[in-house]
Structure formats: structure tokens, C-alpha cells
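Let me begin by presenting the structure, written as C-alpha cells, before commenting on it.
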Amino acid sequence: MEKLKRMIEEKGTVLSPTVLKVDSFLNHCIDTEMMEEIGEVFAAWFQEAGITKVITIESGGIAPAYAAAHKLGVPILFAKKTEPCTMTDPLTATVHSYTKNTDYQLCAEHSMLQPEDVVLFIDDFLANGQAFLGVQALIEQAGARLGGVGICVEKSWQDGRALIIDSKAPLCVLASIKEMQPPHTIIWNTPNETC
Ligand code: 5GP
């Protein structure tokens, strides 16, 4: 998605060869116009996939997941990183956080995912795929089916892409980084390597 790539080049900061900061428009402060377009691209890509629910992890994935779910006309479920006392029957999985370098217990209310659900996982970033594995575990526990994965920004040399390809779920990546260097050098993969 050329517009997202240009915004990353203009407003993003490469903090290290493995961490990109995009909090002024993607995952802290949200550019709503950009987010609408992200939702449109994901929805067009997964229109025929029979998606009944979009799932993400709080908090960075909520905006693109909401945008895609709204365009697809389905609900969004965001899995939580801490279990609230109101959750009565949680699905859970342990996930290693890329940005915090600690483990957390991912959870979602069991009744929110049904065996007949075809679930689209959307996230802001794909790095080593640990968030994906956690969400996949929740979907499996519910007996639902993973219907696709939509990622705003991937770093293609990290392990996540291979894990998703292994799962056989269709993958749509909007901006695929081949290599990056602080503070502003980003080399993109060619569009035919993504969606
Ligand atoms: P993974 O689980 O695939 O290793 O990492 C994905 C999660 O880590 C995303 O949900 C995102 O929150 C965070 N993440 C991974 N790489 C980056 C990055 O370069 N920048 C930011 N801001 N977050 C990242």
C-alpha cells in the first residue's frame, strides 16, 4: 500500500535495525483517514474469505482491525493482555512481547469465539510471529477456523512470515520491509512479494 509506505518514510523513525516507531499515525496517535484506507484494502482482500469475525491484540492492532471489520460488516474481538475480573471463561495463551521482551497471558472470553467462526487476524506489525501464535492458539481452543491474516507492517527477515505461511492462512501485508537502518533508511520488498 503505497500511501502507508510513504507515510512511514515521512513520519516513521527507525529506532534500531529491528524496531520501527510509527506512533504518530499508526499505533498511538491514529491517522483516521489512513486507517479508513487500511480497512478498505484489508476488506477488499478478504471479501470472499467468508470472514465472520476479526481478531487482534490490544492495543496496537485495534485500530486497523476495527477499520477492516467495519468494512467487512463483522465484529472485532480484541484479545487482552491482562485478565479482567469480569472475564468468566477465558481462552488463554502465553505470548512473548516483542517490544517489552516479557511474557504475558493473552486472554479472550470463550463465548466471543464460536466453532463456526472464520476469523481474520489483523495486527499493526509482524515480527517473530509470537502474537500470531497466541491468537492462533485462542482460535484453536474455541474450535474456530483461521480465515486469514492481515498485517500493516512486516519485517520480512524475521520469523513471523514463515509461521503464517506454514498455517496455510491467506496473508495480506500492506508494507513489507526488507531492511532498515536508523534513523530513516527503509528498504521495501517489491509489491509482488506482498498482497
Ligand atoms: P511478533 O509477535 O510478531 O514478534 O511481534 C508483533 C507485535 O510486536 C506487534 O503486535 C507489535 O505490537 C509489536 N512489534 C513488533 N515489531 C515492532 C516494531 O518494529 N515496532 C513497533 N512499534 N511494534 C512492533
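Lettering and numbering for the C-alpha cells are positional, with chains as A, B, ... in the shown order, residues counted from 1 in each chain, and ligands counted from 1 in the shown order.
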When the cut-off is 9 Å and you count only C-alpha atoms and all ligand atoms, which residues lie near ligand 1, shown as a PyMOL selection string? chain A and resi 14-23+26-27+56-61+95-100+123-134+153-155+158-161
Write out as a ChimeraX atom specification all residues of range 104-183 of chain A that backbone DSSP assigns to strand (DSSP E or B). /A:104-109,118-126,145-155,171-181
Prev. selection, N, CA and C atoms, output as a short mmCIF file (atom, residue, chain, number, x, y, z; two decimals), in the first residue's frame:
data_model
loop_
_atom_site.label_atom_id
_atom_site.label_comp_id
_atom_site.auth_asym_id
_atom_site.auth_seq_id
_atom_site.Cartn_x
_atom_site.Cartn_y
_atom_site.Cartn_z
N TYR A 104 3.40 -12.44 28.44
CA TYR A 104 2.11 -12.09 29.02
C TYR A 104 1.09 -13.17 28.67
N GLN A 105 0.00 -13.16 29.46
CA GLN A 105 -1.07 -14.15 29.26
C GLN A 105 -2.15 -13.51 28.40
N LEU A 106 -2.21 -13.92 27.15
CA LEU A 106 -3.26 -13.42 26.25
C LEU A 106 -4.58 -14.08 26.64
N CYS A 107 -5.67 -13.31 26.64
CA CYS A 107 -6.95 -13.94 27.01
C CYS A 107 -8.11 -13.31 26.27
N ALA A 108 -9.14 -14.11 26.08
CA ALA A 108 -10.39 -13.63 25.48
C ALA A 108 -11.52 -14.50 26.03
N GLU A 109 -12.68 -13.89 26.22
CA GLU A 109 -13.83 -14.64 26.74
C GLU A 109 -14.22 -15.73 25.73
N VAL A 118 -15.14 -17.97 11.32
CA VAL A 118 -13.97 -17.91 10.42
C VAL A 118 -13.31 -16.57 10.73
N VAL A 119 -12.09 -16.65 11.26
CA VAL A 119 -11.51 -15.49 11.95
C VAL A 119 -10.35 -14.90 11.16
N LEU A 120 -10.38 -13.58 11.01
CA LEU A 120 -9.29 -12.84 10.36
C LEU A 120 -8.46 -12.17 11.45
N PHE A 121 -7.18 -12.52 11.53
CA PHE A 121 -6.27 -11.87 12.49
C PHE A 121 -5.62 -10.66 11.82
N ILE A 122 -5.75 -9.52 12.47
CA ILE A 122 -5.12 -8.29 11.95
C ILE A 122 -4.22 -7.70 13.03
N ASP A 123 -3.02 -7.26 12.63
CA ASP A 123 -2.14 -6.61 13.60
C ASP A 123 -1.37 -5.47 12.94
N ASP A 124 -0.83 -4.57 13.77
CA ASP A 124 -0.07 -3.45 13.23
C ASP A 124 1.28 -3.92 12.68
N PHE A 125 1.96 -4.85 13.40
CA PHE A 125 3.28 -5.32 12.98
C PHE A 125 3.33 -6.84 12.98
N LEU A 126 4.17 -7.38 12.11
CA LEU A 126 4.56 -8.80 12.18
C LEU A 126 6.08 -8.84 12.31
N ARG A 145 -11.99 -21.34 13.07
CA ARG A 145 -11.02 -21.51 11.97
C ARG A 145 -10.36 -20.17 11.65
N LEU A 146 -9.04 -20.21 11.45
CA LEU A 146 -8.31 -19.01 11.00
C LEU A 146 -8.58 -18.85 9.50
N GLY A 147 -9.17 -17.70 9.12
CA GLY A 147 -9.51 -17.49 7.72
C GLY A 147 -8.56 -16.58 6.98
N GLY A 148 -7.63 -15.95 7.71
CA GLY A 148 -6.68 -15.07 7.05
C GLY A 148 -5.92 -14.23 8.05
N VAL A 149 -4.84 -13.61 7.56
CA VAL A 149 -4.00 -12.75 8.40
C VAL A 149 -3.72 -11.47 7.61
N GLY A 150 -4.00 -10.33 8.23
CA GLY A 150 -3.72 -9.03 7.62
C GLY A 150 -2.75 -8.25 8.50
N ILE A 151 -1.64 -7.83 7.91
CA ILE A 151 -0.58 -7.16 8.67
C ILE A 151 -0.30 -5.79 8.03
N CYS A 152 -0.24 -4.75 8.85
CA CYS A 152 0.08 -3.43 8.30
C CYS A 152 1.56 -3.36 7.88
N VAL A 153 2.46 -3.71 8.80
CA VAL A 153 3.90 -3.60 8.51
C VAL A 153 4.59 -4.89 8.93
N GLU A 154 5.28 -5.52 7.99
CA GLU A 154 6.08 -6.69 8.36
C GLU A 154 7.56 -6.40 8.16
N LYS A 155 8.38 -7.07 8.97
CA LYS A 155 9.82 -7.05 8.77
C LYS A 155 10.16 -8.45 8.30
N LEU A 171 -2.38 -14.53 3.51
CA LEU A 171 -1.68 -13.43 4.20
C LEU A 171 -1.70 -12.18 3.32
N CYS A 172 -2.13 -11.06 3.90
CA CYS A 172 -2.09 -9.77 3.21
C CYS A 172 -1.20 -8.83 4.03
N VAL A 173 -0.10 -8.36 3.43
CA VAL A 173 0.81 -7.43 4.09
C VAL A 173 0.78 -6.11 3.33
N LEU A 174 0.56 -5.01 4.03
CA LEU A 174 0.42 -3.72 3.35
C LEU A 174 1.76 -3.04 3.07
N ALA A 175 2.74 -3.25 3.96
CA ALA A 175 4.06 -2.62 3.79
C ALA A 175 5.09 -3.61 4.31
N SER A 176 5.94 -4.08 3.41
CA SER A 176 6.88 -5.15 3.76
C SER A 176 8.32 -4.63 3.72
N ILE A 177 8.94 -4.58 4.88
CA ILE A 177 10.30 -4.03 4.98
C ILE A 177 11.32 -5.15 4.80
N LYS A 178 12.26 -4.90 3.89
CA LYS A 178 13.34 -5.87 3.65
C LYS A 178 14.49 -5.64 4.61
N GLU A 179 14.74 -4.36 4.88
CA GLU A 179 15.89 -3.99 5.71
C GLU A 179 15.70 -2.56 6.17
N MET A 180 16.22 -2.23 7.36
CA MET A 180 16.13 -0.82 7.79
C MET A 180 17.32 -0.46 8.69
N GLN A 181 17.63 0.83 8.69
CA GLN A 181 18.75 1.33 9.50
C GLN A 181 18.36 2.67 10.09
#
Near Met1 in chain A, within 12 Å and counting only C-alpha atoms, which residues show up once chain neighbours fewer than 2 positions away are dropped, as number ranges by chain? A: 3-8, 34-35, 37-42, 151-153, 172-176, 188-192, 194-195
Take CA of Ile186 in chain A and CA of Val54 in chain A and report the distance between them in Å, one decimal. 29.5 Å
I'd like the interatomic distance between CA of Val74 in chain A and CA of Thr52 in chain A, to a tenth of an Å.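 Separation of CA of Val74 in chain A and CA of Thr52 in chain A: 5.8 Å.
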Taking only C-alpha atoms into account, which of A:Ile51, A:Ile187, A:Asp89, A:Ala137 comes nearest Ser156 in chain A? A:Ile187
Tell me, which residues of chain A carry DSSP helix (DSSP H, G or I), written as an MDAnalysis selection string? chainID A and resid 2:11 32:46 62:72 110:112 130:142 160:167 191:193
